[in-house]
>>> print(open('work-v4.tsv').read())   # TSV, C-alpha atoms
chain	number	residue	atom	x	y	z
F	1	MET	CA	50.87	-29.66	-107.39
F	2	PHE	CA	48.65	-32.57	-106.38
F	3	VAL	CA	45.87	-31.33	-108.64
F	4	PHE	CA	48.20	-31.45	-111.64
F	5	ALA	CA	49.39	-34.92	-110.62
F	6	ASN	CA	45.81	-36.14	-110.37
F	7	LEU	CA	45.08	-34.65	-113.78
F	8	LEU	CA	48.04	-36.53	-115.25
F	9	ILE	CA	46.84	-39.77	-113.63
F	10	ALA	CA	43.40	-39.28	-115.17
F	11	VAL	CA	44.90	-38.56	-118.60
F	12	ALA	CA	47.15	-41.63	-118.36
F	13	GLN	CA	44.25	-43.88	-117.36
F	14	ILE	CA	41.96	-42.61	-120.12
F	15	LEU	CA	44.73	-42.92	-122.70
F	16	ASP	CA	45.45	-46.46	-121.56
F	17	ILE	CA	41.77	-47.43	-121.86
F	18	VAL	CA	41.41	-45.81	-125.29
F	19	LEU	CA	44.50	-47.62	-126.56
F	20	TRP	CA	43.29	-50.92	-125.09
F	21	VAL	CA	39.88	-50.54	-126.77
F	22	TYR	CA	41.50	-49.63	-130.09
F	23	PHE	CA	43.71	-52.71	-129.82
F	24	TRP	CA	40.59	-54.90	-129.59
F	25	ILE	CA	38.89	-53.00	-132.41
F	26	LEU	CA	41.91	-53.84	-134.58
F	27	ILE	CA	41.58	-57.50	-133.65
F	28	GLY	CA	37.92	-57.36	-134.62
F	29	ARG	CA	38.85	-55.77	-137.93
F	30	VAL	CA	41.35	-58.52	-138.70
F	31	VAL	CA	38.87	-61.26	-137.82
F	32	ILE	CA	36.18	-59.62	-139.96
F	33	SER	CA	38.58	-59.49	-142.90
F	34	TRP	CA	39.16	-63.24	-142.62
F	35	VAL	CA	35.48	-64.25	-142.66
F	36	ARG	CA	34.24	-61.85	-145.35
F	37	ALA	CA	31.45	-60.40	-143.27
F	38	ASP	CA	28.59	-58.43	-144.80
F	39	VAL	CA	29.73	-54.84	-145.35
F	40	ASN	CA	26.22	-53.57	-144.65
F	41	ASN	CA	26.37	-54.85	-141.09
F	42	PRO	CA	26.65	-51.89	-138.67
F	43	ILE	CA	29.35	-53.59	-136.63
F	44	VAL	CA	31.46	-54.22	-139.73
F	45	ARG	CA	30.96	-50.63	-140.88
F	46	PHE	CA	32.03	-49.39	-137.44
F	47	LEU	CA	35.16	-51.55	-137.45
F	48	TYR	CA	36.14	-50.31	-140.90
F	49	ALA	CA	35.35	-46.68	-140.04
F	50	ALA	CA	37.38	-46.86	-136.83
F	51	THR	CA	40.43	-48.55	-138.30
F	52	GLU	CA	40.69	-47.67	-141.97
F	53	PRO	CA	41.96	-44.07	-141.54
F	54	VAL	CA	44.90	-45.29	-139.46
F	55	LEU	CA	45.58	-48.39	-141.54
F	56	GLU	CA	45.39	-46.38	-144.76
F	57	ARG	CA	48.05	-43.96	-143.51
F	58	VAL	CA	50.31	-46.84	-142.52
F	59	ARG	CA	49.83	-48.49	-145.92
F	60	ALA	CA	50.67	-45.22	-147.68
F	61	ARG	CA	53.89	-44.71	-145.73
F	62	LEU	CA	54.97	-48.34	-145.42
F	63	PRO	CA	53.61	-50.39	-148.31
F	64	ILE	CA	54.23	-53.72	-146.64
F	65	ALA	CA	52.15	-56.53	-148.07
F	66	ALA	CA	53.34	-59.97	-149.05
F	67	GLY	CA	51.35	-62.56	-150.92
F	68	GLY	CA	48.10	-60.69	-150.42
F	69	PHE	CA	48.65	-60.44	-146.66
F	70	ASP	CA	48.39	-56.93	-145.22
F	71	PHE	CA	50.86	-56.25	-142.41
F	72	SER	CA	49.54	-52.77	-141.57
F	73	PRO	CA	47.41	-53.99	-138.61
F	74	ILE	CA	50.54	-55.52	-137.09
F	75	VAL	CA	52.38	-52.20	-137.43
F	76	VAL	CA	49.47	-50.37	-135.80
F	77	TRP	CA	49.29	-52.98	-133.00
F	78	LEU	CA	52.98	-52.46	-132.31
F	79	ALA	CA	52.43	-48.70	-132.23
F	80	VAL	CA	49.54	-49.10	-129.77
F	81	ILE	CA	51.63	-51.35	-127.53
F	82	PHE	CA	54.52	-48.88	-127.72
F	83	LEU	CA	52.24	-46.01	-126.72
F	84	GLN	CA	50.85	-48.03	-123.82
F	85	ARG	CA	54.25	-49.11	-122.57
F	86	PHE	CA	56.10	-45.84	-123.14
F	87	LEU	CA	53.68	-42.90	-123.05
F	88	VAL	CA	51.27	-44.13	-120.40
F	89	ARG	CA	54.04	-45.39	-118.14
F	90	SER	CA	55.97	-42.15	-118.64
F	91	LEU	CA	52.93	-40.20	-117.48
F	92	TYR	CA	52.70	-42.38	-114.37
F	93	ASP	CA	56.43	-41.91	-113.73
F	94	LEU	CA	56.02	-38.15	-114.09
F	95	VAL	CA	53.19	-38.20	-111.55
F	96	TYR	CA	55.36	-40.22	-109.16
F	97	ALA	CA	58.19	-37.70	-109.58
F	98	LEU	CA	55.81	-34.79	-108.95
F	99	LYS	CA	54.40	-36.29	-105.75
F	100	TYR	CA	57.76	-37.05	-104.19
>>> encode(input="work-v4.tsv", output="structure tokens")
Amino acid sequence: MFVFANLLIAVAQILDIVLWVYFWILIGRVVISWVRADVNNPIVRFLYAATEPVLERVRARLPIAAGGFDFSPIVVWLAVIFLQRFLVRSLYDLVYALKY
């Protein structure tokens, strides 16, 4: 039982870190879009490669843009925060319930 609980703790921690890193990658993507960085820069290419698949899916399902402003990063940020607050905390609560 404790082995499974420890596994869930590890999964929750890794998921939390991955979501936190993706949150900051999204911020980097938004900042890069404001300054018109060189698309041949490896960092810019990484930011686009890491975020565009998710942002493209959000844009396809929820075409929300107003006045040339793309709101899809905000939707993805909200989804990341939701996953951190709900899914990660639910995993920790499950571990707590398993231990006691």
>>> residues_near_point(input="work-v4.tsv", point="(46.3, -53.9, -137.1)", cutoff="7 Å", atoms="only C-alpha atoms", output="list in words")
Leu26, Ile27, Val30, Ser72, Pro73, Ile74, Val75, Val76 and Trp77 of chain F
>>> write_last_selection(input="work-v4.tsv", atoms="C-alpha atoms", output="PDB file, in the coordinates of the input")
ATOM      1  CA  LEU F  26      41.910 -53.840-134.580  1.00  0.00           C
ATOM      2  CA  ILE F  27      41.580 -57.500-133.650  1.00  0.00           C
ATOM      3  CA  VAL F  30      41.350 -58.520-138.700  1.00  0.00           C
ATOM      4  CA  SER F  72      49.540 -52.770-141.570  1.00  0.00           C
ATOM      5  CA  PRO F  73      47.410 -53.990-138.610  1.00  0.00           C
ATOM      6  CA  ILE F  74      50.540 -55.520-137.090  1.00  0.00           C
ATOM      7  CA  VAL F  75      52.380 -52.200-137.430  1.00  0.00           C
ATOM      8  CA  VAL F  76      49.470 -50.370-135.800  1.00  0.00           C
ATOM      9  CA  TRP F  77      49.290 -52.980-133.000  1.00  0.00           C
TER      10      TRP F  77
END
>>> residues_around(input="work-v4.tsv", residues="Trp34 (chain F)", least_positions_apart="5", cutoff="12 Å", atoms="all atoms listed in the file", output="MDAnalysis selection string")
chainID F and resid 27:29 69:70
>>> axis_aligned_box(input="work-v4.tsv", around="region 70-75 of chain F", padding_each_side="8 Å", output="AutoDock Vina command-line options")
--center_x 49.9 --center_y -54.6 --center_z -141.2 --size_x 21.0 --size_y 20.7 --size_z 24.1
>>> residues_around(input="work-v4.tsv", residues="Tyr48 (chain F)", least_positions_apart="5", cutoff="12 Å", atoms="only C-alpha atoms", output="list in words")
Ile25, Leu26, Ile27, Gly28, Arg29, Val30, Val31, Ile32, Ser33, Ala37, Asp38, Val39, Asn40, Asn41, Pro42, Ile43, Pro53, Val54, Leu55 and Glu56 of chain F
>>> write_last_selection(input="work-v4.tsv", atoms="C-alpha atoms", output="PDB file, keeping the file's coordinate frame")
ATOM      1  CA  ILE F  25      38.890 -53.000-132.410  1.00  0.00           C
ATOM      2  CA  LEU F  26      41.910 -53.840-134.580  1.00  0.00           C
ATOM      3  CA  ILE F  27      41.580 -57.500-133.650  1.00  0.00           C
ATOM      4  CA  GLY F  28      37.920 -57.360-134.620  1.00  0.00           C
ATOM      5  CA  ARG F  29      38.850 -55.770-137.930  1.00  0.00           C
ATOM      6  CA  VAL F  30      41.350 -58.520-138.700  1.00  0.00           C
ATOM      7  CA  VAL F  31      38.870 -61.260-137.820  1.00  0.00           C
ATOM      8  CA  ILE F  32      36.180 -59.620-139.960  1.00  0.00           C
ATOM      9  CA  SER F  33      38.580 -59.490-142.900  1.00  0.00           C
ATOM     10  CA  ALA F  37      31.450 -60.400-143.270  1.00  0.00           C
ATOM     11  CA  ASP F  38      28.590 -58.430-144.800  1.00  0.00           C
ATOM     12  CA  VAL F  39      29.730 -54.840-145.350  1.00  0.00           C
ATOM     13  CA  ASN F  40      26.220 -53.570-144.650  1.00  0.00           C
ATOM     14  CA  ASN F  41      26.370 -54.850-141.090  1.00  0.00           C
ATOM     15  CA  PRO F  42      26.650 -51.890-138.670  1.00  0.00           C
ATOM     16  CA  ILE F  43      29.350 -53.590-136.630  1.00  0.00           C
ATOM     17  CA  PRO F  53      41.960 -44.070-141.540  1.00  0.00           C
ATOM     18  CA  VAL F  54      44.900 -45.290-139.460  1.00  0.00           C
ATOM     19  CA  LEU F  55      45.580 -48.390-141.540  1.00  0.00           C
ATOM     20  CA  GLU F  56      45.390 -46.380-144.760  1.00  0.00           C
TER      21      GLU F  56
END
>>> atom_distance(input="work-v4.tsv", atom1="CA of Ala60 (chain F)", atom2="CA of Ile81 (chain F)")
21.1 Å
>>> closest_residue(input="work-v4.tsv", among="F:Val44, F:Ile9, F:Met1, F:Ala50", to="Val21 (chain F)", atoms="only C-alpha atoms")
F:Ala50
>>> atom_distance(input="work-v4.tsv", atom1="CA of Pro63 (chain F)", atom2="CA of Gln84 (chain F)")
24.8 Å
>>> residues_near_point(input="work-v4.tsv", point="(48.7, -36.5, -104.7)", cutoff="9 Å", atoms="only C-alpha atoms", output="PyMOL selection string")
chain F and resi 1-6+95-96+98-99
>>> atom_distance(input="work-v4.tsv", atom1="CA of Tyr92 (chain F)", atom2="CA of Ala12 (chain F)")
6.9 Å
>>> closest_residue(input="work-v4.tsv", among="F:Leu19, F:Ile14, F:Trp24, F:Leu7", to="Phe82 (chain F)", atoms="all atoms listed in the file")
F:Leu19
>>> build_atoms(input="work-v4.tsv", residues="region 13-33 of chain F", atoms="N, CA, C and O atoms", output="JSON list (two decimals), in the coordinates of the input")
[["chain", "number", "residue", "atom", "x", "y", "z"],
["F", 13, "GLN", "N", 45.22, -42.80, -117.43],
["F", 13, "GLN", "CA", 44.25, -43.88, -117.36],
["F", 13, "GLN", "C", 43.32, -43.87, -118.57],
["F", 13, "GLN", "O", 43.03, -44.92, -119.15],
["F", 14, "ILE", "N", 42.85, -42.71, -118.95],
["F", 14, "ILE", "CA", 41.96, -42.61, -120.12],
["F", 14, "ILE", "C", 42.70, -43.01, -121.39],
["F", 14, "ILE", "O", 42.18, -43.75, -122.22],
["F", 15, "LEU", "N", 43.93, -42.55, -121.54],
["F", 15, "LEU", "CA", 44.73, -42.92, -122.70],
["F", 15, "LEU", "C", 44.97, -44.42, -122.75],
["F", 15, "LEU", "O", 44.87, -45.03, -123.81],
["F", 16, "ASP", "N", 45.24, -45.02, -121.61],
["F", 16, "ASP", "CA", 45.45, -46.46, -121.56],
["F", 16, "ASP", "C", 44.19, -47.22, -121.97],
["F", 16, "ASP", "O", 44.25, -48.18, -122.74],
["F", 17, "ILE", "N", 43.03, -46.78, -121.50],
["F", 17, "ILE", "CA", 41.77, -47.43, -121.86],
["F", 17, "ILE", "C", 41.47, -47.26, -123.34],
["F", 17, "ILE", "O", 41.07, -48.21, -124.02],
["F", 18, "VAL", "N", 41.68, -46.06, -123.87],
["F", 18, "VAL", "CA", 41.41, -45.81, -125.29],
["F", 18, "VAL", "C", 42.32, -46.67, -126.16],
["F", 18, "VAL", "O", 41.87, -47.28, -127.15],
["F", 19, "LEU", "N", 43.58, -46.78, -125.79],
["F", 19, "LEU", "CA", 44.50, -47.62, -126.56],
["F", 19, "LEU", "C", 44.13, -49.10, -126.46],
["F", 19, "LEU", "O", 44.20, -49.84, -127.44],
["F", 20, "TRP", "N", 43.71, -49.54, -125.28],
["F", 20, "TRP", "CA", 43.29, -50.92, -125.09],
["F", 20, "TRP", "C", 42.07, -51.24, -125.94],
["F", 20, "TRP", "O", 42.01, -52.28, -126.60],
["F", 21, "VAL", "N", 41.09, -50.34, -125.96],
["F", 21, "VAL", "CA", 39.88, -50.54, -126.77],
["F", 21, "VAL", "C", 40.24, -50.56, -128.25],
["F", 21, "VAL", "O", 39.75, -51.40, -129.02],
["F", 22, "TYR", "N", 41.11, -49.66, -128.68],
["F", 22, "TYR", "CA", 41.50, -49.63, -130.09],
["F", 22, "TYR", "C", 42.25, -50.90, -130.48],
["F", 22, "TYR", "O", 42.08, -51.41, -131.60],
["F", 23, "PHE", "N", 43.03, -51.44, -129.58],
["F", 23, "PHE", "CA", 43.71, -52.71, -129.82],
["F", 23, "PHE", "C", 42.69, -53.80, -130.14],
["F", 23, "PHE", "O", 42.86, -54.56, -131.10],
["F", 24, "TRP", "N", 41.62, -53.88, -129.36],
["F", 24, "TRP", "CA", 40.59, -54.90, -129.59],
["F", 24, "TRP", "C", 39.76, -54.61, -130.83],
["F", 24, "TRP", "O", 39.29, -55.53, -131.51],
["F", 25, "ILE", "N", 39.58, -53.35, -131.16],
["F", 25, "ILE", "CA", 38.89, -53.00, -132.41],
["F", 25, "ILE", "C", 39.72, -53.48, -133.60],
["F", 25, "ILE", "O", 39.18, -54.00, -134.58],
["F", 26, "LEU", "N", 41.03, -53.33, -133.51],
["F", 26, "LEU", "CA", 41.91, -53.84, -134.58],
["F", 26, "LEU", "C", 41.80, -55.36, -134.71],
["F", 26, "LEU", "O", 41.77, -55.89, -135.82],
["F", 27, "ILE", "N", 41.75, -56.04, -133.59],
["F", 27, "ILE", "CA", 41.58, -57.50, -133.65],
["F", 27, "ILE", "C", 40.26, -57.84, -134.32],
["F", 27, "ILE", "O", 40.20, -58.74, -135.16],
["F", 28, "GLY", "N", 39.21, -57.14, -133.97],
["F", 28, "GLY", "CA", 37.92, -57.36, -134.62],
["F", 28, "GLY", "C", 37.99, -57.11, -136.12],
["F", 28, "GLY", "O", 37.42, -57.86, -136.91],
["F", 29, "ARG", "N", 38.70, -56.09, -136.50],
["F", 29, "ARG", "CA", 38.85, -55.77, -137.93],
["F", 29, "ARG", "C", 39.57, -56.90, -138.67],
["F", 29, "ARG", "O", 39.19, -57.28, -139.78],
["F", 30, "VAL", "N", 40.61, -57.43, -138.07],
["F", 30, "VAL", "CA", 41.35, -58.52, -138.70],
["F", 30, "VAL", "C", 40.48, -59.77, -138.83],
["F", 30, "VAL", "O", 40.44, -60.41, -139.88],
["F", 31, "VAL", "N", 39.75, -60.09, -137.78],
["F", 31, "VAL", "CA", 38.87, -61.26, -137.82],
["F", 31, "VAL", "C", 37.79, -61.08, -138.88],
["F", 31, "VAL", "O", 37.49, -62.01, -139.64],
["F", 32, "ILE", "N", 37.21, -59.91, -138.96],
["F", 32, "ILE", "CA", 36.18, -59.62, -139.96],
["F", 32, "ILE", "C", 36.75, -59.77, -141.37],
["F", 32, "ILE", "O", 36.08, -60.27, -142.28],
["F", 33, "SER", "N", 37.99, -59.37, -141.56],
["F", 33, "SER", "CA", 38.58, -59.49, -142.90],
["F", 33, "SER", "C", 38.81, -60.95, -143.29],
["F", 33, "SER", "O", 38.84, -61.27, -144.47]]
